[in-house]
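Below is work01.cif, holding mmCIF, C-alpha atoms and all ligand atoms.
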```
data_query
#
loop_
_atom_site.label_atom_id
_atom_site.label_comp_id
_atom_site.auth_asym_id
_atom_site.auth_seq_id
_atom_site.Cartn_x
_atom_site.Cartn_y
_atom_site.Cartn_z
CA MET A 1 81.79 -56.63 -63.66
CA THR A 2 81.92 -58.33 -67.06
CA ASP A 3 82.93 -61.97 -67.17
CA THR A 4 85.90 -61.82 -69.55
CA SER A 5 86.40 -65.61 -69.54
CA ARG A 6 83.47 -65.95 -71.95
CA PRO A 7 83.68 -64.58 -75.45
CA ARG A 8 80.80 -62.17 -76.04
CA GLY A 9 81.19 -61.14 -79.64
CA GLY A 10 79.12 -62.37 -82.56
CA TYR A 11 79.35 -65.97 -83.67
CA ILE A 12 82.24 -67.02 -85.89
CA GLN A 13 81.01 -67.54 -89.42
CA ARG A 14 80.42 -71.13 -90.45
CA ASP A 15 83.22 -72.45 -92.69
CA ARG A 16 81.15 -73.51 -95.68
CA GLY A 17 84.12 -75.26 -97.30
CA TRP A 18 84.43 -77.54 -94.29
CA HIS A 19 80.76 -78.56 -94.27
CA PRO A 20 79.19 -80.53 -97.11
CA PRO A 21 77.98 -78.37 -100.01
CA ALA A 22 74.19 -78.24 -100.43
CA TYR A 23 74.36 -79.73 -103.93
CA HIS A 24 76.17 -83.07 -104.14
CA PRO A 25 75.07 -85.29 -107.06
CA GLY A 26 76.52 -88.41 -105.36
CA TYR A 27 73.74 -87.96 -102.81
CA LYS A 28 70.81 -87.89 -105.22
CA THR A 29 68.16 -86.41 -102.96
CA SER A 30 70.30 -83.29 -102.56
CA VAL A 31 69.93 -82.48 -106.27
CA THR A 32 66.43 -80.96 -106.01
CA ARG A 33 66.66 -79.97 -102.34
CA SER A 34 69.73 -77.73 -102.56
CA PRO A 35 69.45 -73.95 -102.81
CA GLN A 36 71.28 -72.72 -105.90
CA LYS A 37 71.49 -69.05 -105.08
CA ALA A 38 74.19 -67.69 -102.79
CA LEU A 39 73.42 -67.63 -99.08
CA LEU A 40 73.10 -64.12 -97.64
CA SER A 41 76.05 -63.77 -95.23
CA LEU A 42 75.51 -61.40 -92.31
CA PRO A 43 76.88 -61.03 -88.79
CA THR A 44 74.74 -62.62 -86.08
CA THR A 45 72.17 -60.55 -84.19
CA LEU A 46 70.37 -61.21 -80.90
CA SER A 47 67.97 -63.44 -82.82
CA GLU A 48 70.80 -65.88 -83.58
CA GLU A 49 72.85 -65.26 -80.40
CA THR A 50 70.04 -66.50 -78.16
CA GLY A 51 68.55 -69.97 -78.09
CA PRO A 52 66.01 -72.11 -76.26
CA VAL A 53 66.59 -73.41 -72.73
CA PHE A 54 65.65 -76.97 -71.81
CA SER A 55 64.87 -77.93 -68.27
CA GLN A 56 66.10 -81.12 -66.62
CA SER A 57 62.48 -81.62 -65.58
CA ILE A 58 61.48 -82.70 -69.10
CA ILE A 59 64.15 -85.43 -69.16
CA GLY A 60 63.02 -88.83 -67.89
CA PRO A 61 65.39 -91.17 -66.03
CA ARG A 62 65.55 -93.58 -68.99
CA ASP A 63 65.70 -91.02 -71.77
CA ASN A 64 69.43 -91.66 -72.29
CA ASP A 65 69.18 -95.44 -71.94
CA LEU A 66 68.15 -96.79 -75.35
CA LEU A 67 68.76 -100.32 -74.08
CA HIS A 68 65.72 -100.00 -71.85
CA ASN A 69 63.64 -96.92 -72.72
CA HIS A 70 61.43 -98.91 -75.10
CA ALA A 71 61.86 -102.35 -73.50
CA ALA A 72 59.41 -104.46 -71.55
CA ASP A 73 60.11 -104.72 -67.83
CA GLY A 74 63.11 -106.95 -67.21
CA GLU A 75 64.09 -107.04 -70.87
CA SER A 76 66.50 -105.04 -72.98
CA ALA A 77 67.28 -104.36 -76.62
CA ILE A 78 69.20 -107.01 -78.59
CA GLY A 79 72.69 -106.18 -79.83
CA SER A 80 76.21 -105.25 -78.77
CA ARG A 81 75.88 -103.05 -75.70
CA ILE A 82 77.59 -99.70 -76.12
CA LEU A 83 78.07 -96.55 -74.13
CA VAL A 84 78.55 -93.33 -76.07
CA TYR A 85 79.89 -90.29 -74.28
CA GLY A 86 81.71 -87.09 -75.03
CA GLN A 87 81.84 -83.36 -74.62
CA VAL A 88 79.82 -80.71 -76.42
CA ARG A 89 82.07 -77.65 -76.65
CA ASP A 90 82.41 -74.54 -78.74
CA GLN A 91 85.25 -73.61 -81.07
CA SER A 92 87.20 -72.11 -78.16
CA GLY A 93 87.07 -75.49 -76.42
CA ARG A 94 84.60 -74.30 -73.76
CA GLY A 95 82.25 -77.06 -72.57
CA LEU A 96 78.60 -76.15 -73.10
CA PRO A 97 76.52 -76.99 -70.01
CA ALA A 98 72.84 -77.97 -69.87
CA THR A 99 72.41 -78.19 -73.61
CA LEU A 100 70.04 -80.71 -75.18
CA VAL A 101 71.51 -83.68 -77.07
CA GLU A 102 69.03 -85.78 -79.06
CA VAL A 103 69.99 -89.06 -80.74
CA TRP A 104 68.29 -91.57 -83.02
CA GLN A 105 69.51 -94.73 -84.68
CA ALA A 106 68.67 -98.06 -86.31
CA ASN A 107 68.55 -101.23 -84.22
CA ALA A 108 71.32 -103.84 -84.20
CA GLY A 109 70.01 -105.27 -87.48
CA GLY A 110 70.01 -101.89 -89.22
CA ARG A 111 66.24 -101.37 -89.06
CA TYR A 112 64.50 -98.16 -88.00
CA ARG A 113 61.17 -98.11 -86.20
CA HIS A 114 59.47 -96.05 -88.91
CA GLN A 115 56.48 -96.49 -91.25
CA LYS A 116 58.50 -95.64 -94.36
CA GLU A 117 61.27 -98.10 -93.53
CA THR A 118 61.43 -100.97 -96.05
CA TYR A 119 64.57 -102.92 -95.07
CA LEU A 120 63.79 -106.57 -94.43
CA ALA A 121 65.80 -106.75 -91.19
CA PRO A 122 63.41 -107.30 -88.26
CA LEU A 123 62.26 -104.81 -85.68
CA ASP A 124 63.34 -105.44 -82.10
CA PRO A 125 60.24 -105.08 -79.91
CA ASN A 126 62.47 -103.81 -77.10
CA PHE A 127 64.17 -101.08 -79.10
CA GLY A 128 62.67 -97.69 -79.97
CA GLY A 129 65.79 -95.99 -81.31
CA CYS A 130 65.63 -92.55 -79.79
CA GLY A 131 67.06 -90.87 -76.73
CA ARG A 132 68.14 -87.56 -75.25
CA CYS A 133 69.95 -85.94 -72.37
CA LEU A 134 71.25 -82.60 -71.14
CA THR A 135 74.99 -82.04 -70.87
CA ASP A 136 76.49 -81.65 -67.39
CA ALA A 137 78.26 -78.56 -66.03
CA GLN A 138 81.36 -79.31 -68.14
CA GLY A 139 79.42 -80.09 -71.31
CA TYR A 140 79.58 -83.90 -71.08
CA TYR A 141 76.77 -86.21 -72.14
CA GLU A 142 76.43 -89.96 -72.14
CA PHE A 143 73.95 -92.56 -73.23
CA ARG A 144 73.69 -96.31 -73.49
CA SER A 145 72.46 -98.21 -76.52
CA VAL A 146 73.19 -101.05 -78.92
CA LEU A 147 75.62 -100.86 -81.81
CA PRO A 148 73.43 -99.87 -84.79
CA GLY A 149 73.64 -102.14 -87.83
CA PRO A 150 74.52 -100.93 -91.33
CA TYR A 151 71.61 -100.72 -93.75
CA PRO A 152 71.01 -100.43 -97.50
CA TRP A 153 69.27 -97.37 -98.92
CA PRO A 154 67.98 -96.34 -102.31
CA ASN A 155 70.54 -94.06 -103.96
CA GLY A 156 72.85 -96.12 -106.12
CA VAL A 157 71.64 -99.71 -106.51
CA ASN A 158 73.96 -101.01 -103.79
CA ASP A 159 74.63 -98.19 -101.35
CA TRP A 160 74.90 -99.00 -97.64
CA ARG A 161 75.03 -96.68 -94.68
CA PRO A 162 77.84 -97.40 -92.23
CA SER A 163 76.80 -97.92 -88.61
CA HIS A 164 75.88 -94.47 -87.34
CA ILE A 165 73.98 -92.49 -84.75
CA HIS A 166 72.19 -89.26 -85.63
CA PHE A 167 72.83 -86.31 -83.28
CA SER A 168 70.85 -83.09 -82.87
CA LEU A 169 72.55 -80.28 -80.91
CA PHE A 170 71.44 -76.88 -79.64
CA GLY A 171 74.27 -75.19 -77.76
CA GLU A 172 73.49 -71.81 -76.21
CA ALA A 173 72.42 -69.95 -79.31
CA PHE A 174 70.30 -70.76 -82.34
CA ALA A 175 73.37 -69.95 -84.48
CA GLN A 176 74.92 -73.15 -83.09
CA ARG A 177 72.04 -75.42 -84.10
CA LEU A 178 73.46 -78.53 -85.77
CA ILE A 179 72.44 -81.98 -86.90
CA THR A 180 75.18 -84.46 -87.68
CA GLN A 181 76.01 -88.17 -87.51
CA MET A 182 78.52 -90.20 -85.53
CA TYR A 183 80.39 -93.09 -87.12
CA PHE A 184 82.35 -95.91 -85.51
CA GLU A 185 86.11 -96.38 -85.70
CA GLY A 186 87.20 -99.07 -88.13
CA ASP A 187 83.97 -99.37 -90.13
CA PRO A 188 84.97 -99.99 -93.79
CA LEU A 189 81.60 -98.68 -95.02
CA ILE A 190 82.40 -95.13 -93.86
CA TRP A 191 84.60 -94.41 -96.86
CA LYS A 192 82.10 -95.87 -99.35
CA CYS A 193 79.08 -93.92 -98.14
CA PRO A 194 77.72 -91.19 -100.47
CA ILE A 195 76.35 -89.24 -97.49
CA VAL A 196 79.68 -89.31 -95.65
CA ASN A 197 81.38 -88.34 -98.88
CA THR A 198 79.36 -85.15 -99.21
CA ILE A 199 81.91 -83.85 -96.66
CA PRO A 200 84.78 -82.36 -98.66
CA SER A 201 87.85 -83.44 -96.66
CA ARG A 202 89.08 -86.60 -95.03
CA GLN A 203 90.06 -84.54 -91.98
CA ALA A 204 86.50 -83.30 -91.53
CA ILE A 205 85.08 -86.82 -91.96
CA GLU A 206 87.46 -88.08 -89.28
CA ASP A 207 85.96 -85.53 -86.88
CA LEU A 208 82.76 -87.59 -87.04
CA ILE A 209 84.39 -90.96 -86.31
CA ALA A 210 84.23 -91.98 -82.66
CA PRO A 211 87.17 -94.03 -81.37
CA LEU A 212 86.67 -97.09 -79.20
CA ASP A 213 87.57 -96.10 -75.63
CA LEU A 214 88.45 -99.26 -73.74
CA ASN A 215 89.30 -97.27 -70.61
CA ALA A 216 85.72 -96.03 -70.40
CA SER A 217 84.28 -99.45 -71.18
CA ILE A 218 82.62 -101.42 -68.41
CA PRO A 219 84.31 -104.84 -68.01
CA MET A 220 82.04 -107.80 -68.86
CA ASP A 221 79.27 -105.36 -69.71
CA THR A 222 79.59 -102.52 -72.28
CA LEU A 223 82.06 -101.14 -74.82
CA ALA A 224 82.51 -97.37 -74.86
CA TYR A 225 82.93 -94.92 -77.73
CA ARG A 226 83.89 -91.31 -77.23
CA PHE A 227 82.36 -88.67 -79.49
CA ASP A 228 83.15 -85.01 -78.89
CA ILE A 229 81.09 -82.44 -80.74
CA THR A 230 82.19 -78.90 -81.57
CA LEU A 231 79.62 -76.17 -82.11
CA ARG A 232 80.27 -72.67 -83.41
CA GLY A 233 82.13 -70.30 -81.11
CA ARG A 234 81.92 -66.57 -80.48
CA ARG A 235 84.45 -63.96 -81.32
CA GLN A 236 86.41 -62.76 -78.32
CA THR A 237 86.07 -59.02 -78.16
CA TYR A 238 86.34 -56.46 -75.41
CA PHE A 239 85.60 -53.61 -77.77
CA GLU A 240 82.27 -54.60 -79.20
CA ASN A 241 80.81 -52.24 -81.74
CA ARG A 242 77.51 -51.82 -79.90
CA PRO A 243 75.92 -48.95 -78.08
CA GLU A 244 75.85 -49.13 -74.29
CA GLY A 245 73.05 -51.14 -72.80
CA LEU A 246 72.55 -53.64 -75.59
CA MET B 1 105.94 -70.88 -86.46
CA PRO B 2 103.80 -68.35 -84.60
CA GLN B 3 101.67 -69.46 -81.63
CA SER B 4 98.65 -71.57 -82.48
CA LEU B 5 95.22 -69.98 -82.17
CA ASN B 6 93.81 -73.33 -81.07
CA TYR B 7 90.35 -72.81 -82.50
CA LEU B 8 88.54 -76.08 -83.00
CA ASN B 9 86.74 -76.87 -86.22
CA GLU B 10 82.99 -77.04 -85.99
CA SER B 11 81.73 -80.62 -86.31
CA PRO B 12 80.71 -81.04 -89.94
CA SER B 13 76.99 -81.20 -90.61
CA GLN B 14 75.29 -84.28 -91.99
CA THR B 15 71.78 -84.63 -93.36
CA ALA B 16 69.01 -85.26 -90.84
CA GLY B 17 68.00 -88.16 -93.09
CA PRO B 18 64.56 -89.70 -93.63
CA TYR B 19 64.07 -90.69 -89.99
CA VAL B 20 64.65 -87.37 -88.22
CA HIS B 21 61.15 -87.60 -86.75
CA ILE B 22 62.13 -90.68 -84.72
CA GLY B 23 64.66 -88.67 -82.78
CA CYS B 24 63.06 -85.23 -82.71
CA THR B 25 59.30 -85.92 -82.64
CA PRO B 26 58.99 -89.55 -81.50
CA ASN B 27 55.31 -89.34 -80.55
CA PHE B 28 54.51 -88.06 -84.03
CA SER B 29 56.38 -91.00 -85.57
CA GLY B 30 54.48 -93.50 -83.43
CA ILE B 31 57.09 -94.11 -80.74
CA ASN B 32 54.92 -93.37 -77.74
CA GLY B 33 55.57 -93.58 -74.06
CA LEU B 34 59.12 -92.23 -74.12
CA TYR B 35 58.55 -88.47 -73.95
CA ARG B 36 55.43 -86.92 -72.46
CA GLU B 37 55.17 -84.59 -75.43
CA ASP B 38 57.24 -83.96 -78.52
CA PRO B 39 59.69 -81.12 -77.83
CA GLY B 40 58.61 -77.80 -79.31
CA SER B 41 55.02 -78.92 -79.96
CA ILE B 42 53.60 -76.35 -77.53
CA MET B 43 55.01 -72.82 -77.38
CA LEU B 44 52.45 -71.02 -75.24
CA ASN B 45 49.64 -71.35 -72.72
CA GLU B 46 46.54 -69.34 -71.82
CA LYS B 47 48.63 -66.85 -69.80
CA THR B 48 51.05 -65.98 -72.60
CA LEU B 49 51.08 -62.26 -73.42
CA GLY B 50 50.59 -61.07 -76.98
CA ASP B 51 48.49 -61.53 -80.11
CA ARG B 52 47.83 -65.15 -81.02
CA ILE B 53 48.86 -66.02 -84.54
CA SER B 54 49.19 -69.22 -86.50
CA ILE B 55 51.72 -69.79 -89.21
CA ARG B 56 51.35 -72.50 -91.78
CA GLY B 57 53.19 -73.42 -94.91
CA GLY B 58 54.99 -76.04 -96.91
CA VAL B 59 58.57 -76.80 -97.85
CA TYR B 60 58.95 -77.38 -101.60
CA ASP B 61 61.79 -78.90 -103.60
CA GLY B 62 63.14 -77.65 -106.93
CA MET B 63 60.34 -79.45 -108.82
CA GLY B 64 57.67 -77.79 -106.68
CA VAL B 65 56.94 -81.01 -104.82
CA PRO B 66 56.17 -80.59 -101.11
CA LEU B 67 58.51 -82.36 -98.70
CA LYS B 68 56.87 -84.80 -96.32
CA ASP B 69 59.96 -85.69 -94.35
CA ALA B 70 61.19 -82.26 -93.26
CA LEU B 71 61.54 -80.91 -89.74
CA VAL B 72 60.96 -77.19 -89.32
CA GLU B 73 61.93 -75.24 -86.21
CA ILE B 74 61.27 -71.63 -85.29
CA TRP B 75 62.84 -69.30 -82.73
CA GLN B 76 61.36 -65.93 -81.86
CA ALA B 77 61.10 -63.18 -79.28
CA ASP B 78 58.10 -62.74 -76.97
CA ALA B 79 55.55 -59.94 -77.36
CA ALA B 80 57.96 -57.49 -75.70
CA GLY B 81 60.85 -58.43 -77.98
CA LEU B 82 62.69 -60.50 -75.35
CA TYR B 83 64.09 -63.99 -75.88
CA ALA B 84 63.46 -66.90 -73.49
CA SER B 85 67.17 -67.62 -73.45
CA ALA B 86 69.94 -67.80 -70.88
CA GLU B 87 71.78 -65.46 -73.25
CA GLU B 88 69.09 -62.76 -73.00
CA THR B 89 70.58 -59.94 -70.92
CA ARG B 90 68.03 -57.17 -71.47
CA GLY B 91 65.36 -58.44 -69.12
CA GLN B 92 63.10 -61.30 -68.16
CA SER B 93 61.07 -62.68 -71.03
CA ASP B 94 57.47 -63.86 -70.65
CA PRO B 95 57.68 -67.01 -68.46
CA ASN B 96 54.64 -68.38 -70.31
CA PHE B 97 56.29 -68.37 -73.70
CA SER B 98 59.09 -70.70 -74.86
CA GLY B 99 59.94 -68.90 -78.11
CA TRP B 100 60.91 -72.20 -79.71
CA GLY B 101 58.72 -74.41 -81.86
CA ARG B 102 59.28 -77.60 -83.81
CA SER B 103 56.97 -79.13 -86.42
CA PRO B 104 57.32 -82.46 -88.22
CA GLY B 105 54.71 -81.34 -90.75
CA ASP B 106 51.35 -82.95 -91.42
CA MET B 107 51.48 -86.70 -92.05
CA GLU B 108 49.60 -86.36 -95.37
CA SER B 109 50.49 -82.94 -96.77
CA GLY B 110 53.80 -82.22 -95.06
CA GLU B 111 52.56 -78.74 -94.07
CA PHE B 112 53.87 -77.25 -90.83
CA VAL B 113 51.73 -75.26 -88.39
CA PHE B 114 52.91 -73.13 -85.47
CA GLU B 115 50.52 -71.72 -82.90
CA THR B 116 52.41 -68.78 -81.48
CA ILE B 117 52.26 -65.03 -80.83
CA ARG B 118 53.33 -62.04 -82.83
CA PRO B 119 56.96 -61.29 -81.82
CA GLY B 120 57.96 -57.86 -80.56
CA PRO B 121 60.75 -55.83 -82.14
CA VAL B 122 64.36 -56.78 -81.43
CA PRO B 123 67.35 -54.43 -81.80
CA TYR B 124 70.05 -54.91 -84.41
CA PRO B 125 73.64 -54.81 -83.06
CA ASP B 126 73.99 -51.14 -84.06
CA GLY B 127 70.87 -50.15 -82.12
CA ARG B 128 68.45 -49.87 -85.02
CA ILE B 129 65.23 -51.81 -84.62
CA GLN B 130 64.62 -54.96 -86.61
CA ALA B 131 61.15 -55.54 -88.00
CA PRO B 132 59.23 -58.29 -86.17
CA HIS B 133 60.55 -61.59 -87.47
CA ILE B 134 60.76 -65.29 -86.73
CA THR B 135 63.87 -67.37 -87.38
CA PHE B 136 63.26 -70.60 -89.34
CA TRP B 137 65.54 -73.62 -89.49
CA ILE B 138 64.80 -76.44 -91.95
CA VAL B 139 66.34 -79.90 -92.08
CA ALA B 140 65.37 -82.97 -94.11
CA ARG B 141 66.71 -85.86 -96.13
CA GLY B 142 68.71 -84.31 -98.96
CA ILE B 143 69.56 -81.13 -97.00
CA ASN B 144 73.22 -81.46 -96.04
CA THR B 145 73.37 -78.48 -93.69
CA GLY B 146 70.30 -77.08 -91.92
CA LEU B 147 68.87 -74.08 -93.79
CA HIS B 148 68.33 -70.83 -91.96
CA THR B 149 65.85 -68.20 -93.02
CA ARG B 150 63.51 -65.57 -91.52
CA LEU B 151 59.82 -64.85 -91.66
CA TYR B 152 58.62 -61.23 -91.77
CA PHE B 153 54.97 -60.09 -91.80
CA ASP B 154 53.14 -58.58 -94.77
CA ASP B 155 51.18 -56.25 -92.46
CA GLU B 156 54.38 -54.65 -91.08
CA GLN B 157 55.27 -52.74 -94.20
CA ALA B 158 56.67 -49.68 -92.45
CA ALA B 159 58.91 -51.73 -90.14
CA ASN B 160 59.97 -54.00 -93.01
CA ALA B 161 61.00 -50.97 -95.07
CA GLN B 162 63.37 -49.88 -92.27
CA ASP B 163 64.71 -53.35 -91.46
CA PRO B 164 68.53 -53.55 -91.55
CA ILE B 165 68.53 -57.14 -92.82
CA LEU B 166 65.82 -56.89 -95.45
CA SER B 167 67.60 -53.83 -96.80
CA ARG B 168 70.63 -56.00 -97.52
CA ILE B 169 68.81 -58.07 -100.11
CA GLU B 170 70.18 -56.95 -103.43
CA GLN B 171 67.60 -58.50 -105.73
CA ARG B 172 64.50 -56.76 -104.44
CA GLN B 173 62.10 -59.24 -106.04
CA ARG B 174 63.53 -61.97 -103.78
CA LEU B 175 62.50 -60.03 -100.69
CA ASP B 176 59.00 -61.36 -101.15
CA THR B 177 60.19 -64.89 -100.29
CA LEU B 178 60.67 -63.77 -96.67
CA ILE B 179 57.23 -62.22 -96.22
CA ALA B 180 54.42 -64.28 -94.69
CA LYS B 181 51.03 -63.56 -96.25
CA SER B 182 48.07 -62.79 -94.04
CA GLU B 183 45.26 -65.18 -95.02
CA SER B 184 42.73 -64.20 -92.42
CA SER B 185 42.89 -62.49 -89.06
CA GLY B 186 45.95 -63.87 -87.24
CA VAL B 187 46.62 -66.59 -89.82
CA TYR B 188 49.72 -66.35 -91.98
CA ARG B 189 51.06 -68.49 -94.78
CA PHE B 190 54.80 -68.90 -95.27
CA ASP B 191 55.98 -71.29 -97.97
CA ILE B 192 59.63 -72.24 -98.23
CA HIS B 193 61.12 -73.05 -101.65
CA LEU B 194 64.44 -74.86 -101.49
CA GLN B 195 65.26 -74.25 -105.15
CA GLY B 196 63.94 -72.77 -108.38
CA PRO B 197 62.61 -69.38 -109.48
CA GLU B 198 60.89 -68.79 -106.14
CA GLU B 199 63.88 -69.96 -104.10
CA THR B 200 63.69 -68.61 -100.55
CA VAL B 201 66.50 -66.34 -99.39
CA PHE B 202 68.58 -68.44 -96.99
CA PHE B 203 71.02 -66.89 -94.56
CA ASP B 204 74.57 -67.60 -93.52
CA MET B 205 74.47 -65.94 -90.12
FE FE C 301 70.33 -93.19 -90.38
#
```
As structure tokens, please, write out the structure in this file.
Amino acid sequence: MTDTSRPRGGYIQRDRGWHPPAYHPGYKTSVTRSPQKALLSLPTTLSEETGPVFSQSIIGPRDNDLLHNHAADGESAIGSRILVYGQVRDQSGRGLPATLVEVWQANAGGRYRHQKETYLAPLDPNFGGCGRCLTDAQGYYEFRSVLPGPYPWPNGVNDWRPSHIHFSLFGEAFAQRLITQMYFEGDPLIWKCPIVNTIPSRQAIEDLIAPLDLNASIPMDTLAYRFDITLRGRRQTYFENRPEGL
Amino acid sequence: MPQSLNYLNESPSQTAGPYVHIGCTPNFSGINGLYREDPGSIMLNEKTLGDRISIRGGVYDGMGVPLKDALVEIWQADAAGLYASAEETRGQSDPNFSGWGRSPGDMESGEFVFETIRPGPVPYPDGRIQAPHITFWIVARGINTGLHTRLYFDDEQAANAQDPILSRIEQRQRLDTLIAKSESSGVYRFDIHLQGPEETVFFDM
């Protein structure tokens, strides 16, 4: 008996006009790193409709707690304590269970723990800046961290990144693989950022802005932001153009 | 107004940025003690079935300069052509093979290396057989949406000639950008050119 509640067709083609174009001169590094020939558009095959499986056994108990996963015993990272949660779903709105969510971010001062980082803001010895978790049965994830600071970067002479968290998502199929960034409601730097502005429409940019969720906040402890992520969906089809047995 | 279809928009992509290694390969970037090993750093063990191969190469920008801040991932079938995926319905894949690899590139040269096995053939949706191939996914600072391409093998000429995807490449001279070159027994080189005369064929699949 086929489970008809799950679409089984090929993956819906990515809307390239919704995503940032590869070449965007406002983001200078994209100039020499953008393919200039047309992408070859083809329907997905098994190679794209399958994807890696991650076991809960690789996830440590503190992997989604950036406040403590790099901190000395009894200490925690410095900064505004935040909880970030949301649902990873596909374009049909179906929550994607047991999928890996990886995050990385700057510390509260806007500094990354990285050799090539040159910003003068100090490192926090108790903050590493990376975390991960698997989504639950309904596709929800959550992690705890500090509010990342904005930071300057070499592009124009005075470009600043808004506060943001980088997200890496897998979904169920390699066709869904996505890296994106989450921004915070109300940050005036969002609309001035050349990387944000590679995204063509205001509506699409707003899909990356997490609202403050006071109802999910923990009184006297942590503010919460909700960030839902949508990955590509499959076509619903009962009459798939495939021979029996595939 | 007709009924709404209620499809959601995919979340827009953003560049992985210069610090992707912090989040995806923390041990490589010097953040130790969080994860036992960097995800995707080991694809197989001594019990894995199939021919051992290694794949190395660089990612080059439009000026021919190798990237040192890229992250390259691969996804492939096992020796029998089965994927280690919950979505695989044709059978049980080799339990000693993950099918998924991730490389931050060498600290000095930026070159990626994957120690893996030669993938078996996988059917195309219409039942034809695809030539053995490995899916590549490349992200880096300056790449706004992850780039998707495929590696095929230079010693699979007959299978490549029949492959339903390779046959869709209109400019035949570009086909070469998808073929890994055998350097010695079991060692292949696969360079990826983001731009320029040798620009790799990238897919929208
Ligand atoms: Fe960043």
- Item | 10 Å contact set for A:Val88, all atoms listed in the file, chain neighbours under 5 positions out, as a PyMOL selection string | chain A and resi 93-101+135-136+138-141+169-171+227-231
- Item | Near-B:Ser13 list (6 Å; only C-alpha atoms; drop same-chain fewer than 3 positions) as a PyMOL selection string | (chain A and resi 19+179-180) or (chain B and resi 145)
- Item | Who sits within 10 Å of stretch 5-12 of chain B, all atoms listed in the file, same chain under 6 positions skipped, as a PyMOL selection string | (chain A and resi 14-20+89-93+176+178-181+199-200+204-208+228-233) or (chain B and resi 144-145)
- Task: Around the point (82.3, -99.5, -86.1), in the coordinates given by the file, pick out the residues reaching within 10 Å, counting all atoms listed in the file, and return them as a ChimeraX atom specification.
- Result: /A:147-150,162-164,183-190,209-212,225
Could you give me, as a compact mmCIF listing (two decimals) with C-alpha atoms, keeping the file's coordinate frame, the residues that sit within 9 Å of (65.9, -98.0, -69.5) in the file's coordinates, counting all atoms listed in the file?
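Final output, result.txt:
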```
# COMPACT_ATOMS: atom_id res chain seq x y z
CA PRO A 61 65.39 -91.17 -66.03
CA ARG A 62 65.55 -93.58 -68.99
CA ASP A 63 65.70 -91.02 -71.77
CA ASN A 64 69.43 -91.66 -72.29
CA ASP A 65 69.18 -95.44 -71.94
CA LEU A 66 68.15 -96.79 -75.35
CA LEU A 67 68.76 -100.32 -74.08
CA HIS A 68 65.72 -100.00 -71.85
CA ASN A 69 63.64 -96.92 -72.72
CA HIS A 70 61.43 -98.91 -75.10
CA ALA A 71 61.86 -102.35 -73.50
CA SER A 76 66.50 -105.04 -72.98
CA ARG A 144 73.69 -96.31 -73.49
```
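Atom CA of A:Gln105 sits 24.4 Å away from atom CA of A:Pro52.
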- Message: Could you tell me how far atom CA of B:Gln14 sits from atom CA of B:Gly62, in Å to one decimal place?
- Response: 20.4 Å
- Message: Show me which residues line ligand FE 301 (chain C), defined as having an atom within 8 Å of a ligand atom where all atoms listed in the file count, and present them as an MDAnalysis selection string.
- Response: (chainID A and resid 104:106 161 164:166) or (chainID B and resid 17:19)
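Going from atom CA of A:Ser41 to atom CA of B:Met205 covers 5.8 Å.
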Restore N, CA and C atoms in stretch 123-133 of chain A and list the result as an mmCIF file, keeping the file's coordinate frame.
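Listed below is the output, part04.cif:
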```
data_model
loop_
_atom_site.group_PDB
_atom_site.id
_atom_site.type_symbol
_atom_site.label_atom_id
_atom_site.label_comp_id
_atom_site.auth_asym_id
_atom_site.auth_seq_id
_atom_site.Cartn_x
_atom_site.Cartn_y
_atom_site.Cartn_z
ATOM 1 N N LEU A 123 62.329 -105.725 -86.814
ATOM 2 C CA LEU A 123 62.260 -104.810 -85.680
ATOM 3 C C LEU A 123 62.598 -105.587 -84.411
ATOM 4 N N ASP A 124 63.143 -104.881 -83.437
ATOM 5 C CA ASP A 124 63.340 -105.440 -82.100
ATOM 6 C C ASP A 124 62.251 -104.835 -81.221
ATOM 7 N N PRO A 125 61.348 -105.655 -80.695
ATOM 8 C CA PRO A 125 60.240 -105.080 -79.910
ATOM 9 C C PRO A 125 60.732 -104.266 -78.712
ATOM 10 N N ASN A 126 61.949 -104.508 -78.281
ATOM 11 C CA ASN A 126 62.470 -103.810 -77.100
ATOM 12 C C ASN A 126 63.332 -102.601 -77.450
ATOM 13 N N PHE A 127 63.319 -102.208 -78.723
ATOM 14 C CA PHE A 127 64.170 -101.080 -79.100
ATOM 15 C C PHE A 127 63.378 -100.026 -79.863
ATOM 16 N N GLY A 128 63.369 -98.796 -79.324
ATOM 17 C CA GLY A 128 62.670 -97.690 -79.970
ATOM 18 C C GLY A 128 63.585 -96.923 -80.904
ATOM 19 N N GLY A 129 64.808 -96.642 -80.446
ATOM 20 C CA GLY A 129 65.790 -95.990 -81.310
ATOM 21 C C GLY A 129 65.922 -94.500 -81.127
ATOM 22 N N CYS A 130 65.394 -93.969 -80.024
ATOM 23 C CA CYS A 130 65.630 -92.550 -79.790
ATOM 24 C C CYS A 130 65.925 -92.279 -78.326
ATOM 25 N N GLY A 131 66.687 -91.221 -78.088
ATOM 26 C CA GLY A 131 67.060 -90.870 -76.730
ATOM 27 C C GLY A 131 67.524 -89.440 -76.651
ATOM 28 N N ARG A 132 67.692 -88.952 -75.429
ATOM 29 C CA ARG A 132 68.140 -87.560 -75.250
ATOM 30 C C ARG A 132 68.698 -87.389 -73.851
ATOM 31 N N CYS A 133 69.492 -86.338 -73.695
ATOM 32 C CA CYS A 133 69.950 -85.940 -72.370
ATOM 33 C C CYS A 133 70.417 -84.493 -72.421
#
```
